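Single-structure report; data block below.
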Amino acid sequence: MKAAARIVAEADGRGGTRLAVLRGESPLLLRRTGGRGGPGVTVHLVGGAAGPLRGDELSVEVTVGAAAHLIVRSVAAQLALPGKPGSSPSRLSLVAEVAGTLDWQPEPLIAAAGCDHRTGTRVDVAEGGALLWREDLVLGRHAEPTGTVRLSTTIRHAGRTLYRHDLAVGPGLDSPAVLGGFRALGTLVAVPGLAGGAPATGQAAIMPLAGPGVLATAVGADIREVTSFLRPLRLSAPRDCR
């Protein structure tokens, strides 16, 4: 299956945000769910089919214009499934250009046993833009081993690389240097910075990036432990960055 989704959010000239483009294909269906008349607009990703399965090629493009404020969520976790034996890995491409404010916090990616999935993310934040970008990963469904997942994320600010992270997990890729015995991982990148949250622990940390930005990361036995640390965090000044 091949499917694409695109969101373009623009300032409406009255202090609010309008959706110039909102287009998706199953399983990347898009629904506007909030923000009518307010400063920001909320869009949910709605899974219109199972997957991704091996062989699927999916892509999401997001553009947030200057002074626009877009919030993206999802109604359910993304479940990477095995699909046909011998087929190529499933792939998801995420590309975002941010001149206003983008708050991207979908539900986790779950790597079901036997899956082989790749996610490639590239976010470009313009000078004066604001970003809250969250990625969560769960290794397998309840009481099952994980499948294979490779995540590659690059976030740039004003033309310079701010954050680059590559992660590979799966059978044979279970080194203690990666996740050890933990089954859930969450990361949150914020530009220009973060507010709220709890002090760092042995399973979670907040670290400044070499530029205007902060990285928060947490691991846990399940996604609830990760969420308890990351959920209180928010942008330090989301509407000051236009």
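Letters A, B, ... go to the chains of the structure tokens in the order shown; residues in each chain start at 1; ligands are counted from 1 in the same order.
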
### Message
Which residues are near range 124-135 of chain A? Cut-off 9 Å, only C-alpha atoms, ignore same chain within fewer than 4 positions. Put them as a ChimeraX atom specification.
### Response
/A:66-67,95-109,154-161,185-194,213,230,234-235,237-242

### Task
Mind checking which residues fall within 9 Å of range 202-206 of chain A, counting only C-alpha atoms, ignoring those fewer than 4 positions away in the same chain, and posting them as an MDAnalysis selection string?
chainID A and resid 214:220 226 229:230

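Between CA of Ser228 in chain A and CA of Leu137 in chain A lies a distance of 14.7 Å.
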
### Task
Select from range 26-231 of chain A everything DSSP, run on the backbone, classes as alpha helix (DSSP H), then give the selection as a list in words.
Ile223, Arg224, Glu225, Val226, Thr227, Ser228, Phe229 and Leu230 of chain A

### Message
Using only C-alpha atoms, which protein or nucleic acid residues come within 7 Å of Arg31 in chain A? Drop anything in the same chain fewer than 5 positions from it, and give the result as a list in words.
### Response
Val43, His44 and Leu45 of chain A

Secondary structure check, strand (DSSP E) residues of range 93-135 of chain A, as a PDB file with N, CA and C atoms, in the first residue's frame:
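Result file is out21.pdb:
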```pdb
ATOM      1  N   SER A  93       7.665   8.200   5.952  1.00  0.00           N
ATOM      2  CA  SER A  93       8.458   9.413   5.820  1.00  0.00           C
ATOM      3  C   SER A  93       7.673  10.582   6.415  1.00  0.00           C
ATOM      4  N   LEU A  94       8.306  11.304   7.351  1.00  0.00           N
ATOM      5  CA  LEU A  94       7.697  12.476   7.972  1.00  0.00           C
ATOM      6  C   LEU A  94       8.561  13.690   7.642  1.00  0.00           C
ATOM      7  N   VAL A  95       7.962  14.684   6.993  1.00  0.00           N
ATOM      8  CA  VAL A  95       8.690  15.896   6.626  1.00  0.00           C
ATOM      9  C   VAL A  95       7.870  17.101   7.079  1.00  0.00           C
ATOM     10  N   ALA A  96       8.500  18.007   7.818  1.00  0.00           N
ATOM     11  CA  ALA A  96       7.791  19.183   8.318  1.00  0.00           C
ATOM     12  C   ALA A  96       8.644  20.431   8.117  1.00  0.00           C
ATOM     13  N   GLU A  97       7.981  21.510   7.700  1.00  0.00           N
ATOM     14  CA  GLU A  97       8.602  22.833   7.609  1.00  0.00           C
ATOM     15  C   GLU A  97       7.816  23.772   8.511  1.00  0.00           C
ATOM     16  N   VAL A  98       8.526  24.383   9.462  1.00  0.00           N
ATOM     17  CA  VAL A  98       7.851  25.122  10.525  1.00  0.00           C
ATOM     18  C   VAL A  98       8.375  26.547  10.606  1.00  0.00           C
ATOM     19  N   THR A 101       4.255  27.700  14.788  1.00  0.00           N
ATOM     20  CA  THR A 101       4.358  26.794  15.935  1.00  0.00           C
ATOM     21  C   THR A 101       3.742  25.453  15.571  1.00  0.00           C
ATOM     22  N   LEU A 102       4.495  24.376  15.779  1.00  0.00           N
ATOM     23  CA  LEU A 102       4.003  23.018  15.546  1.00  0.00           C
ATOM     24  C   LEU A 102       4.150  22.205  16.826  1.00  0.00           C
ATOM     25  N   ASP A 103       3.030  21.647  17.278  1.00  0.00           N
ATOM     26  CA  ASP A 103       2.995  20.747  18.441  1.00  0.00           C
ATOM     27  C   ASP A 103       2.604  19.367  17.917  1.00  0.00           C
ATOM     28  N   TRP A 104       3.589  18.491  17.769  1.00  0.00           N
ATOM     29  CA  TRP A 104       3.394  17.158  17.180  1.00  0.00           C
ATOM     30  C   TRP A 104       3.559  16.107  18.278  1.00  0.00           C
ATOM     31  N   LEU A 109       4.321   4.441  18.462  1.00  0.00           N
ATOM     32  CA  LEU A 109       4.523   3.372  17.485  1.00  0.00           C
ATOM     33  C   LEU A 109       4.782   2.090  18.261  1.00  0.00           C
ATOM     34  N   ILE A 110       4.008   1.047  17.952  1.00  0.00           N
ATOM     35  CA  ILE A 110       4.179  -0.260  18.597  1.00  0.00           C
ATOM     36  C   ILE A 110       4.781  -1.225  17.580  1.00  0.00           C
ATOM     37  N   ALA A 111       5.909  -1.811  17.930  1.00  0.00           N
ATOM     38  CA  ALA A 111       6.601  -2.734  17.025  1.00  0.00           C
ATOM     39  C   ALA A 111       6.151  -4.160  17.328  1.00  0.00           C
ATOM     40  N   ASP A 116       8.945  -5.300  10.330  1.00  0.00           N
ATOM     41  CA  ASP A 116      10.209  -4.709   9.888  1.00  0.00           C
ATOM     42  C   ASP A 116       9.857  -3.334   9.355  1.00  0.00           C
ATOM     43  N   HIS A 117      10.108  -2.311  10.167  1.00  0.00           N
ATOM     44  CA  HIS A 117       9.591  -0.975   9.873  1.00  0.00           C
ATOM     45  C   HIS A 117      10.697   0.061   9.931  1.00  0.00           C
ATOM     46  N   ARG A 118      10.610   1.072   9.063  1.00  0.00           N
ATOM     47  CA  ARG A 118      11.544   2.190   9.025  1.00  0.00           C
ATOM     48  C   ARG A 118      10.747   3.495   9.078  1.00  0.00           C
ATOM     49  N   THR A 119      11.172   4.403   9.939  1.00  0.00           N
ATOM     50  CA  THR A 119      10.610   5.754   9.962  1.00  0.00           C
ATOM     51  C   THR A 119      11.733   6.753   9.776  1.00  0.00           C
ATOM     52  N   GLY A 120      11.591   7.620   8.791  1.00  0.00           N
ATOM     53  CA  GLY A 120      12.559   8.679   8.545  1.00  0.00           C
ATOM     54  C   GLY A 120      11.896  10.033   8.743  1.00  0.00           C
ATOM     55  N   THR A 121      12.451  10.855   9.638  1.00  0.00           N
ATOM     56  CA  THR A 121      11.848  12.140   9.990  1.00  0.00           C
ATOM     57  C   THR A 121      12.815  13.271   9.722  1.00  0.00           C
ATOM     58  N   ARG A 122      12.305  14.323   9.084  1.00  0.00           N
ATOM     59  CA  ARG A 122      13.097  15.539   8.896  1.00  0.00           C
ATOM     60  C   ARG A 122      12.209  16.740   9.176  1.00  0.00           C
ATOM     61  N   VAL A 123      12.655  17.582  10.116  1.00  0.00           N
ATOM     62  CA  VAL A 123      11.916  18.780  10.479  1.00  0.00           C
ATOM     63  C   VAL A 123      12.844  19.978  10.318  1.00  0.00           C
ATOM     64  N   ASP A 124      12.378  20.977   9.588  1.00  0.00           N
ATOM     65  CA  ASP A 124      13.129  22.216   9.417  1.00  0.00           C
ATOM     66  C   ASP A 124      12.367  23.342  10.098  1.00  0.00           C
ATOM     67  N   VAL A 125      12.976  23.938  11.121  1.00  0.00           N
ATOM     68  CA  VAL A 125      12.365  25.038  11.863  1.00  0.00           C
ATOM     69  C   VAL A 125      13.044  26.336  11.449  1.00  0.00           C
ATOM     70  N   ALA A 130       8.649  27.710  16.335  1.00  0.00           N
ATOM     71  CA  ALA A 130       8.583  26.982  17.606  1.00  0.00           C
ATOM     72  C   ALA A 130       8.126  25.564  17.329  1.00  0.00           C
ATOM     73  N   LEU A 131       8.712  24.610  18.055  1.00  0.00           N
ATOM     74  CA  LEU A 131       8.448  23.194  17.795  1.00  0.00           C
ATOM     75  C   LEU A 131       8.374  22.404  19.089  1.00  0.00           C
ATOM     76  N   LEU A 132       7.408  21.499  19.148  1.00  0.00           N
ATOM     77  CA  LEU A 132       7.342  20.467  20.176  1.00  0.00           C
ATOM     78  C   LEU A 132       7.110  19.161  19.434  1.00  0.00           C
ATOM     79  N   TRP A 133       8.143  18.315  19.363  1.00  0.00           N
ATOM     80  CA  TRP A 133       8.102  17.108  18.532  1.00  0.00           C
ATOM     81  C   TRP A 133       8.348  15.887  19.412  1.00  0.00           C
ATOM     82  N   ARG A 134       7.340  15.022  19.496  1.00  0.00           N
ATOM     83  CA  ARG A 134       7.444  13.852  20.367  1.00  0.00           C
ATOM     84  C   ARG A 134       7.378  12.571  19.554  1.00  0.00           C
ATOM     85  N   GLU A 135       8.248  11.616  19.926  1.00  0.00           N
ATOM     86  CA  GLU A 135       8.263  10.290  19.312  1.00  0.00           C
ATOM     87  C   GLU A 135       8.305   9.244  20.427  1.00  0.00           C
TER      88      GLU A 135
END
```

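Of the listed residues (A:Gly211, A:Gly51, A:Gly196, A:Pro89), A:Gly51 comes nearest to Leu28 in chain A; the distances count only C-alpha atoms.
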
Using only C-alpha atoms, find each residue of range 63-169 of chain A with at least one atom at most 8 Å away from an atom of range 7-21 of chain A; report its shortest atom-to-atom pair and that distance in Å (one decimal), sort the rows by chain and rising residue number, and return the result as CSV.
```
residue,atom,partner,partner_atom,distance
A:Thr63,CA,A:Val8,CA,4.7
A:Val64,CA,A:Ala9,CA,4.9
A:Gly65,CA,A:Glu10,CA,4.9
A:Ala66,CA,A:Ala11,CA,6.8
A:Ala67,CA,A:Ala11,CA,5.6
A:Ala68,CA,A:Ala11,CA,4.5
A:His69,CA,A:Thr17,CA,6.2
A:Leu70,CA,A:Ala9,CA,6.6
```

For the residues in the current selection, export C-alpha atoms as a short mmCIF file (atom, residue, chain, number, x, y, z; two decimals), in the first residue's frame.
```cif
data_model
loop_
_atom_site.label_atom_id
_atom_site.label_comp_id
_atom_site.auth_asym_id
_atom_site.auth_seq_id
_atom_site.Cartn_x
_atom_site.Cartn_y
_atom_site.Cartn_z
CA THR A 63 3.88 22.99 6.57
CA VAL A 64 3.22 25.60 9.25
CA GLY A 65 3.39 29.18 8.05
CA ALA A 66 4.59 32.18 10.07
CA ALA A 67 2.24 33.10 12.95
CA ALA A 68 0.22 29.88 12.45
CA HIS A 69 -0.20 27.35 15.29
CA LEU A 70 -0.84 23.68 14.47
#
```
